[in-house]
Each structure stands twice: as structure tokens, then as C-alpha cells.
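data-v3.cif follows (mmCIF, C-alpha atoms):
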```
data_work
loop_
_atom_site.label_atom_id
_atom_site.label_comp_id
_atom_site.auth_asym_id
_atom_site.auth_seq_id
_atom_site.Cartn_x
_atom_site.Cartn_y
_atom_site.Cartn_z
CA MET A 534 44.94 -28.47 -1.20
CA SER A 535 42.09 -26.30 0.05
CA GLN A 536 38.91 -26.35 -2.02
CA ASN A 537 39.11 -22.57 -2.20
CA ASN A 538 42.68 -22.64 -3.45
CA ASN A 539 42.67 -24.16 -6.90
CA THR A 540 43.22 -23.21 -10.53
CA THR A 541 40.12 -24.87 -11.97
CA LYS A 542 37.83 -22.34 -13.61
CA LYS A 543 34.09 -22.85 -13.25
CA LYS A 544 32.42 -23.29 -16.61
CA LYS A 545 29.45 -21.12 -17.45
CA TYR A 546 26.61 -22.94 -19.20
CA LYS A 547 23.32 -21.69 -20.56
CA HIS A 548 19.77 -22.87 -21.09
CA ILE A 549 18.98 -24.45 -24.45
CA LEU A 550 16.92 -22.18 -26.68
CA LYS A 551 14.83 -22.84 -29.79
CA ASN A 552 17.71 -22.08 -32.18
CA ASP A 553 19.94 -24.43 -30.20
CA ARG A 554 17.39 -27.22 -30.62
CA ILE A 555 17.35 -26.66 -34.39
CA THR A 556 21.16 -26.88 -34.37
CA ILE A 557 21.03 -30.13 -32.37
CA GLU A 558 18.61 -31.69 -34.86
CA ASN A 559 20.73 -30.65 -37.88
CA MET A 560 24.00 -31.83 -36.34
CA ILE A 561 22.55 -35.19 -35.29
CA SER A 562 21.21 -35.66 -38.84
CA ALA A 563 24.70 -34.87 -40.13
CA GLY A 564 26.20 -37.63 -37.94
CA CYS A 565 27.90 -35.34 -35.39
CA LYS A 566 28.76 -36.75 -31.97
CA ASN A 567 27.64 -35.23 -28.64
CA PRO A 568 31.00 -33.61 -27.69
CA GLU A 569 31.00 -31.72 -31.00
CA ILE A 570 27.43 -30.53 -30.48
CA GLU A 571 28.26 -29.44 -26.91
CA GLY A 572 31.12 -27.31 -28.19
CA VAL A 573 28.91 -25.54 -30.73
CA ILE A 574 26.01 -24.88 -28.37
CA GLY A 575 28.03 -24.28 -25.20
CA CYS A 576 26.11 -26.57 -22.87
CA SER A 577 27.16 -29.30 -20.45
CA PRO A 578 27.11 -32.99 -21.48
CA ARG A 579 24.29 -33.70 -19.04
CA THR A 580 22.18 -30.80 -20.38
CA LEU A 581 22.56 -32.08 -23.95
CA THR A 582 21.73 -35.64 -22.94
CA ARG A 583 18.55 -34.53 -21.18
CA GLU A 584 17.53 -32.42 -24.17
CA ILE A 585 18.01 -35.29 -26.63
CA GLU A 586 16.01 -37.62 -24.39
CA SER A 587 13.22 -35.03 -24.05
CA GLY A 588 13.00 -34.26 -27.78
CA SER A 589 13.26 -37.82 -29.08
CA PHE A 590 10.39 -39.96 -30.34
CA GLU A 591 9.94 -43.26 -32.13
CA ARG A 592 9.44 -43.02 -35.90
CA LEU A 593 8.07 -45.77 -38.15
CA ASN A 594 10.42 -46.40 -41.05
CA THR A 595 9.42 -47.46 -44.59
CA ASP A 596 10.43 -51.05 -43.76
CA TYR A 597 8.05 -51.00 -40.80
CA THR A 598 10.85 -50.85 -38.25
CA LEU A 599 11.01 -48.28 -35.44
CA SER A 600 13.87 -45.87 -34.89
CA THR A 601 14.43 -43.18 -32.23
CA VAL A 602 15.07 -39.70 -33.67
CA TYR A 603 15.38 -36.19 -32.25
CA ALA A 604 13.12 -33.34 -33.45
CA TYR A 605 13.56 -29.75 -32.29
CA ASP A 606 9.80 -29.04 -32.30
CA VAL A 607 9.15 -31.95 -29.93
CA GLY A 608 11.79 -30.66 -27.51
CA GLN A 609 10.50 -27.09 -27.79
CA ARG A 610 6.91 -28.14 -27.11
CA LYS A 611 7.88 -30.09 -23.97
CA HIS A 612 10.00 -27.17 -22.78
CA GLU A 613 7.07 -24.74 -23.14
CA GLU A 614 4.71 -27.10 -21.31
CA LYS A 615 7.11 -27.33 -18.37
CA ALA A 616 7.56 -23.53 -18.38
CA LYS A 617 3.80 -23.05 -17.99
CA ASN A 618 3.80 -25.16 -14.84
CA LYS A 619 6.36 -22.99 -13.06
CA GLY A 620 4.60 -19.74 -14.00
CA PRO A 621 6.02 -16.54 -15.51
CA TYR A 622 9.46 -15.32 -14.50
CA ALA A 623 9.35 -12.61 -11.82
CA LYS A 624 11.02 -9.35 -12.91
CA ILE A 625 11.71 -8.53 -9.26
CA ASN A 626 14.31 -11.34 -9.26
CA ASP A 627 16.51 -9.13 -11.45
CA ALA A 628 16.18 -6.14 -9.10
CA PRO A 629 17.54 -6.82 -5.58
CA GLU A 630 17.88 -3.10 -4.80
CA LEU A 631 14.25 -2.44 -5.74
CA ARG A 632 13.14 -5.44 -3.70
CA ARG A 633 14.93 -4.13 -0.60
CA TYR A 634 13.45 -0.67 -1.13
CA LEU A 635 9.89 -2.02 -1.41
CA GLU A 636 10.29 -4.30 1.60
CA ASN A 637 11.50 -1.38 3.74
CA LYS A 638 8.82 1.06 2.54
CA ILE A 639 5.90 -1.35 2.88
CA LYS A 640 6.88 -3.31 5.98
CA LYS A 641 8.71 -0.72 8.09
CA GLU A 642 7.41 2.64 6.87
CA LYS A 643 3.82 1.40 6.32
CA PHE A 644 3.59 2.62 2.71
CA SER A 645 1.21 1.00 0.23
CA PRO A 646 2.77 -0.38 -2.98
CA GLU A 647 1.32 2.57 -4.91
CA ALA A 648 2.74 5.12 -2.46
CA ALA A 649 6.15 3.42 -2.43
CA LEU A 650 6.32 3.61 -6.24
CA ASP A 651 5.12 7.23 -6.17
CA LYS A 652 8.02 8.11 -3.87
CA ILE A 653 10.44 6.74 -6.46
CA LYS A 654 9.11 9.24 -9.00
CA GLU A 655 8.86 12.09 -6.51
CA LEU A 656 12.46 11.68 -5.33
CA ASN A 657 13.70 10.76 -8.82
CA LEU A 658 15.22 7.49 -7.59
CA SER A 659 16.70 4.97 -10.00
CA PHE A 660 16.50 1.18 -9.77
CA GLU A 661 17.28 -1.78 -12.01
CA ILE A 662 13.75 -2.01 -13.47
CA GLU A 663 10.39 -0.22 -13.45
CA ILE A 664 7.27 -2.07 -12.32
CA CYS A 665 3.65 -1.16 -11.64
CA ALA A 666 1.69 -1.52 -8.40
CA LYS A 667 -0.21 -4.56 -9.73
CA THR A 668 3.08 -6.37 -10.24
CA VAL A 669 4.11 -5.56 -6.66
CA TYR A 670 0.84 -7.02 -5.35
CA ASN A 671 1.46 -10.15 -7.45
CA ASN A 672 4.98 -10.41 -6.01
CA ILE A 673 3.54 -10.16 -2.50
CA ASP A 674 0.92 -12.86 -3.11
CA LYS A 675 3.53 -15.21 -4.61
CA GLY A 676 6.03 -14.66 -1.81
CA GLN A 677 8.62 -13.10 -4.12
CA ILE A 678 9.32 -10.26 -1.69
CA ALA A 679 9.45 -10.42 2.11
CA VAL A 680 6.06 -8.76 2.63
CA THR A 681 2.61 -10.18 3.35
CA ARG A 682 -0.88 -8.76 2.93
CA LYS A 683 -0.96 -8.15 6.69
CA ASP A 684 1.87 -5.64 6.27
CA LEU A 685 -0.21 -3.49 3.91
CA LEU A 686 -1.81 -0.25 5.05
CA ARG A 687 -5.23 -1.56 4.03
CA VAL A 688 -5.80 -5.29 4.41
CA GLU A 689 -8.19 -6.68 1.81
CA GLY A 690 -10.54 -9.59 2.24
CA TRP A 691 -12.57 -8.47 5.24
CA LYS A 692 -16.34 -8.48 5.04
CA LYS A 693 -18.41 -5.53 6.13
CA SER A 694 -20.88 -6.38 8.86
CA PRO A 695 -24.56 -5.90 8.01
CA HIS A 696 -25.79 -2.37 8.67
CA LYS A 697 -28.00 -2.18 11.73
CA LYS A 698 -30.52 0.57 11.92
CA GLY A 699 -31.18 2.17 15.24
CA LYS A 700 -32.68 5.18 16.89
CA ALA A 701 -30.65 8.18 17.89
CA LYS A 702 -29.80 8.25 21.59
CA ASN A 703 -29.50 12.02 21.68
CA ASN A 704 -32.01 14.58 20.53
CA LEU A 705 -29.48 16.99 19.02
CA LYS A 706 -30.29 20.64 18.64
CA GLY A 707 -27.28 21.27 16.42
CA GLU A 708 -27.31 21.86 12.66
CA SER A 709 -27.87 18.77 10.53
CA ILE A 710 -25.36 17.76 7.87
CA GLU A 711 -28.21 18.16 5.38
CA ASN A 712 -27.78 21.92 5.73
CA ARG A 713 -24.02 21.91 5.26
CA PRO A 714 -22.91 24.31 2.46
CA ILE A 715 -22.01 22.99 -0.98
CA GLU A 716 -18.42 24.22 -0.52
CA ALA A 717 -18.03 21.63 2.23
CA ASN A 718 -20.06 18.85 0.62
CA ASP A 719 -18.23 19.04 -2.72
CA ARG A 720 -14.80 19.88 -1.25
CA LEU A 721 -14.65 23.13 -3.22
CA GLU A 722 -12.55 25.04 -0.72
CA TYR A 723 -10.16 24.50 2.15
CA GLY A 724 -11.36 24.77 5.73
CA HIS A 725 -14.08 22.14 6.14
CA TRP A 726 -13.14 19.50 8.71
CA GLU A 727 -14.47 16.28 10.21
CA ILE A 728 -13.84 15.48 13.87
CA ASP A 729 -13.83 12.32 15.99
CA LEU A 730 -12.17 10.52 18.89
CA VAL A 731 -10.00 7.40 18.74
CA VAL A 732 -10.46 5.66 22.08
CA GLY A 733 -7.92 3.49 23.86
CA ARG A 734 -8.01 0.28 25.84
CA LYS A 735 -11.12 -0.41 27.85
CA GLY A 736 -10.68 0.98 31.35
CA THR A 737 -8.23 3.71 30.29
CA LYS A 738 -9.12 7.38 29.83
CA HIS A 739 -6.65 8.81 27.30
CA VAL A 740 -7.99 9.32 23.76
CA LEU A 741 -6.86 10.87 20.49
CA LEU A 742 -8.77 13.83 19.07
CA THR A 743 -8.58 13.70 15.27
CA LEU A 744 -9.52 16.38 12.76
CA THR A 745 -9.35 15.72 9.00
CA GLU A 746 -9.71 18.46 6.38
CA ARG A 747 -12.05 17.30 3.61
CA GLN A 748 -10.35 18.82 0.55
CA THR A 749 -6.64 18.20 1.28
CA ARG A 750 -6.87 15.38 3.87
CA LYS A 751 -4.73 17.43 6.23
CA GLU A 752 -4.65 15.68 9.62
CA ILE A 753 -4.48 17.12 13.14
CA ILE A 754 -4.07 14.72 16.07
CA ARG A 755 -4.12 15.70 19.72
CA LYS A 756 -3.71 13.44 22.74
CA LEU A 757 -6.30 14.18 25.44
CA PRO A 758 -6.52 12.92 29.06
CA ASN A 759 -10.22 12.04 28.66
CA LYS A 760 -13.19 12.54 26.36
CA LYS A 761 -15.23 14.93 28.49
CA GLN A 762 -16.95 17.88 26.80
CA LYS A 763 -14.85 20.44 28.62
CA THR A 764 -11.66 18.65 27.55
CA ILE A 765 -12.70 18.78 23.88
CA ILE A 766 -13.55 22.48 24.19
CA LYS A 767 -10.18 23.15 25.82
CA ALA A 768 -8.39 21.32 22.97
CA ILE A 769 -10.19 23.41 20.30
CA ASN A 770 -9.39 26.57 22.24
CA ALA A 771 -5.73 25.54 22.25
CA LEU A 772 -5.86 25.08 18.46
CA GLU A 773 -7.28 28.56 18.04
CA SER A 774 -4.50 30.00 20.15
CA GLU A 775 -1.91 28.00 18.21
CA TYR A 776 -3.02 29.18 14.75
CA GLY A 777 -3.94 32.70 15.81
CA GLU A 778 -5.31 34.90 13.02
CA LYS A 779 -5.20 32.02 10.51
CA PHE A 780 -7.69 29.97 12.52
CA LYS A 781 -10.89 31.42 11.04
CA SER A 782 -9.69 30.93 7.46
CA MET A 783 -8.50 27.41 8.28
CA PHE A 784 -11.65 26.29 10.12
CA LYS A 785 -14.93 27.23 8.44
CA THR A 786 -17.03 24.17 9.37
CA ILE A 787 -16.56 21.04 11.47
CA THR A 788 -18.72 17.94 11.06
CA ALA A 789 -19.10 15.62 14.04
CA ASP A 790 -20.96 12.44 14.90
CA ASN A 791 -23.58 12.13 17.63
CA GLY A 792 -21.12 11.39 20.44
CA SER A 793 -21.89 13.03 23.76
CA GLU A 794 -18.44 14.68 23.77
CA PHE A 795 -19.59 17.04 20.99
CA LEU A 796 -23.03 17.89 22.43
CA ASN A 797 -21.94 21.27 23.77
CA PHE A 798 -21.55 22.57 20.20
CA LYS A 799 -22.31 26.18 21.15
CA ALA A 800 -19.22 26.29 23.37
CA LEU A 801 -17.18 24.60 20.60
CA GLU A 802 -18.33 27.22 18.10
CA THR A 803 -17.57 30.17 20.41
CA SER A 804 -14.17 31.82 19.94
CA ILE A 805 -11.88 32.54 22.85
CA HIS A 806 -11.98 36.14 21.61
CA GLY A 807 -15.79 36.23 21.50
CA GLY A 808 -18.16 35.57 18.61
CA LYS A 809 -18.41 32.45 16.47
CA ARG A 810 -15.20 30.85 15.15
CA PHE A 811 -16.76 28.16 12.90
CA LYS A 812 -20.04 26.37 12.24
CA MET A 813 -20.66 22.82 13.46
CA TYR A 814 -22.76 20.22 11.65
CA PHE A 815 -23.81 16.78 12.79
CA ALA A 816 -24.07 13.57 10.75
CA HIS A 817 -27.14 11.39 11.00
CA PRO A 818 -27.13 8.76 13.76
CA TYR A 819 -25.48 5.46 12.72
CA SER A 820 -24.17 7.05 9.51
CA SER A 821 -20.39 7.03 9.85
CA TRP A 822 -20.01 7.10 6.03
CA GLU A 823 -21.15 10.74 6.14
CA ARG A 824 -17.80 11.42 7.78
CA GLY A 825 -15.87 9.02 5.60
CA THR A 826 -12.76 11.20 5.27
CA ASN A 827 -12.16 11.21 9.01
CA GLU A 828 -13.13 7.54 9.39
CA ASN A 829 -10.53 6.56 6.79
CA ALA A 830 -7.91 8.63 8.59
CA ASN A 831 -8.78 6.90 11.87
CA GLY A 832 -8.36 3.57 10.11
CA ILE A 833 -4.79 4.55 9.23
CA ILE A 834 -4.13 5.53 12.84
CA ARG A 835 -5.35 2.10 13.92
CA ARG A 836 -2.66 0.48 11.76
CA PHE A 837 -0.09 2.10 14.07
CA TYR A 838 -2.11 1.95 17.28
CA PRO A 839 -4.64 -0.92 17.08
CA LYS A 840 -7.64 -1.38 19.34
CA GLY A 841 -6.54 -2.13 22.87
CA THR A 842 -3.76 0.47 22.84
CA ASN A 843 -3.27 2.37 26.07
CA PHE A 844 -2.81 5.92 24.77
CA GLY A 845 -1.59 6.97 28.20
CA ARG A 846 1.68 5.22 27.30
CA VAL A 847 1.95 6.85 23.86
CA THR A 848 4.14 9.93 24.00
CA LEU A 849 3.38 13.32 22.46
CA VAL A 850 6.45 12.88 20.25
CA GLN A 851 5.04 9.63 18.88
CA ILE A 852 1.73 11.34 18.15
CA LYS A 853 3.53 14.16 16.34
CA VAL A 854 5.54 11.66 14.27
CA LEU A 855 2.33 9.89 13.24
CA GLN A 856 0.67 13.20 12.32
CA GLU A 857 3.64 14.18 10.15
CA TRP A 858 3.69 10.72 8.53
CA MET A 859 0.03 11.03 7.56
CA ASN A 860 0.46 14.56 6.21
CA ASN A 861 3.48 13.53 4.11
CA TYR A 862 1.96 10.29 2.79
CA PRO A 863 1.24 10.46 -0.99
CA ARG A 864 -2.48 9.98 -1.74
CA ARG A 865 -3.93 8.66 -4.97
CA ILE A 866 -7.06 10.79 -4.50
CA LEU A 867 -4.85 13.91 -4.39
CA GLY A 868 -3.06 13.04 -7.60
CA ARG A 869 -0.16 11.21 -5.89
CA ILE A 870 0.81 14.15 -3.69
CA CYS A 871 0.66 14.45 0.09
CA ALA A 872 -1.65 16.61 2.22
CA ASN A 873 1.12 19.08 3.07
CA THR A 874 1.84 19.63 -0.61
CA ALA A 875 -1.87 20.04 -1.36
CA VAL A 876 -2.18 22.70 1.36
CA ALA A 877 0.97 24.48 0.16
CA ARG A 878 -0.44 24.69 -3.36
CA LEU A 879 -3.51 26.41 -1.99
CA ALA A 880 -1.29 28.94 -0.20
CA VAL A 881 -3.34 28.54 2.97
#
```
Target encoding C-alpha cells, full file:
Amino acid sequence: MSQNNNTTKKKKYKHILKNDRITIENMISAGCKNPEIEGVIGCSPRTLTREIESGSFERLNTDYTLSTVYAYDVGQRKHEEKAKNKGPYAKINDAPELRRYLENKIKKEKFSPEAALDKIKELNLSFEIEICAKTVYNNIDKGQIAVTRKDLLRVEGWKKSPHKKGKAKNNLKGESIENRPIEANDRLEYGHWEIDLVVGRKGTKHVLLTLTERQTRKEIIRKLPNKKQKTIIKAINALESEYGEKFKSMFKTITADNGSEFLNFKALETSIHGGKRFKMYFAHPYSSWERGTNENANGIIRRFYPKGTNFGRVTLVQIKVLQEWMNNYPRRILGRICANTAVARLAV
């Protein structure tokens, strides 16, 4: 007879709990045999035998002889000590659907644990249990879901290199960031951007031009054939043509670093229709934190296209997909909404 073709039903047993141990002690004291105790508790013979061995101790009788007896508190104490060694039970073990969702969001779609959980609330999804982001991080560290810290959007544990002071290479004639209006500094209104370039593999020319809006974190990414001044000016002109009449209300100021590609700021500020289209400001030399919003956005881009990437082989469709991903990614700093939603609420 095949092992899969039989009439024997598999018995279902359970773990012994505190009340079961009390029952075992009372029934043994009453002279009950093991099969009778097994029937009352519903455990296997081997489970009961192990429990009696674990909870037994030698007691000194009044006639100075020793006898082995079972006590529920002894068995319970040993059980709790062993439970401490294996650590707390992981709630994620009871939620296979949630585990698969988190693994897909974090590993494939590059979401952080917080953002993945935010999407559950935003889309009104339902899973077996509800957990917090801290629990997800604990599950990751303990290997309880198929994700590692390297899969996270921001990898913790790195040490910041010591800050090195240096002298500015360029004697800029542009406006200093110290004179930037309070509306831009304090993110009081929409339309104040930070700009930078994400360069590719050494020896290649293609770069990514990135603009990040300070208030909403709206991201614009454009692939350029090189980082020459005239190429940057042409890209900004194309943006003005693309947004038309909305451009001036969308772009009030742009803050750049001291890269040579932004030196021709007067041409960058001049509209294709004549006059000034926005005001440019420049951060202090060696002070990338003054453009922290854009630097953080560039760090996200590097998770998809790390250093050494040849941007000449990255298609415009791929760049557009990345831009849309960033603008639809829920941000804690925005109250768990994405940049597109933040812009829509401002009716820009």
C-alpha cells in the first residue's frame, strides 16, 4: 500500500501549558497512570514523559529517604527558562501574505519598511496582522523575512568621513545662499529648487541633471549628453518651454553648488522670452549640507544607479520611471504622503 493511500488519521497534539502541568501534578498525586493523563491533556506519550522528567525533583521524606516527585512549578520554571533562550515568537510567522508583501515592496520596489506600511494604509489593504516599522526592522535583522539591510533604501552603519576644509576654486560673482529669501530657507512656499548633476562612470560623458523642490520634494530628472554650461542652459530652456506659463510660478529660485557647469548663472536666469525667469543662489564651497534636499534625492538615485553607471546606456524611459517612482514614494517628512500628492494639495 502506498504511504499516501491509507486510512490512518494524523493525531494533533499541543504544547503543555501551565494549567496542564497543574493537572499532571494532581493526577499523579491521585495515582493516575500516564495513558489516563494523556487522554485528559491531549498530548503524546513522549511529550508527557519529557514533561514529567523535566518537572521532577528529589524530595527528602520524613524518614530521611529520597523520593522523586513531579511539581508543576518546577516544570513551568524550566519551560520559561528554555523559552527565553529561543527569544520571543515572531508575529510575522503567522502572516505569510504580509511577509510576501513586505519582501516584494522592500527588495523589488525599493520601499523602506515605513513606506511599505504606509502604502497598506493608503490603499486600505488588509493582512493577517498589523505590525510597526520597528518590528519589520527586527524581523530583517533576525532573518525572519527574506530581506537584508543591504536591500533597504538607506543602509545604516556607515561612518561619515571627517569634514575637510578647503578654499573655493572659483571666485563666484553670483548671489550667496546667505541672501536667499526666508520663503526658500524655511520652505514656506512652493517654487524653490536645488540643482545638481549625478555623474556617470569615469571616462563617460552622460550625466543626470536633478532638480529637487524644497517644500514638496518634487523631483525632476533629465539625462544630458555632457555637463557643459551650454548643455545645462539648453536643458533649463527646454524645461521653460515644457511648462510654459506655469514656469515662473513653479521656479522662483534655484540653489546650486560651486560646480563650473553652473558658473554662467546669468544665462541660466535669463528667460527664452527675455527678462529674468528665476533667481539663482550659490551654496558655500564644500558645504553640500546647504543643499541637503537635493543631496538626499541624489542618494536615492544612486540606489538605482550606483557609482560607475554608464548613463549613456540608461534609456529615457528608465529615467522617467525613476522620476515617477521618486515622486510617488511616501515620505515621512511630508506626513506619509508623496511629492505628487503634496503638489496637488497646493494646487500648483
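Across the model, the gap from CA of Gly868 (chain A) to CA of Asn718 (chain A) is 19.8 Å.
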Original post:
Do you know which residues the PyMOL selection byres ((chain A and resi 644) around 10) returns on this file, as a PyMOL selection string?
Top reply: chain A and resi 635-643+645-650+652+684-687+858+862-863
**OP:** Using the chain letters and residue numbers of this document, give as a count of residues only the residues selected by the PyMOL selection byres ((chain A and resi 832-834) around 10).
**Re:** 21
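For the residues A:Lys799, A:Thr582, A:Leu757, A:Tyr819, ranking by smallest atom-to-atom distance to Lys566 (chain A) using all atoms listed in the file places A:Thr582 first.
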Subject >> CA of Ala875 (chain A) to CA of Thr749 (chain A), straight-line distance in Å >> reply: 5.8 Å
**OP:** Run the PyMOL selection byres ((chain A and resi 609) around 12) mentally over the shown coordinates, then write out the matched residues as a ChimeraX atom specification, using the chain letters and numbers from the document.
**Re:** /A:549-555,557-558,584-585,587-589,603-608,610-616
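Taking CA of Glu746 (chain A) and CA of Val732 (chain A) as endpoints, the distance between them is 20.3 Å.
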Subject >> Of the listed residues A:Ile866, A:Ile728, A:Cys576, A:Ala623, that which approaches Glu752 (chain A) most closely, counting all atoms listed in the file >> reply: A:Ile728
Show me, as AutoDock Vina command-line options, the centre and edge lengths in Å to one decimal of the axis-aligned box that covers every listed atom of region 569-579 of chain A with 5 Å on each side.
```
--center_x 27.7 --center_y -29.0 --center_z -25.0 --size_x 16.8 --size_y 19.4 --size_z 22.0
```
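Distances from A:Thr842, A:Thr786, A:Asn770, A:Thr668 to Arg734 (chain A) were compared using only C-alpha atoms, and the smallest one belongs to A:Thr842.
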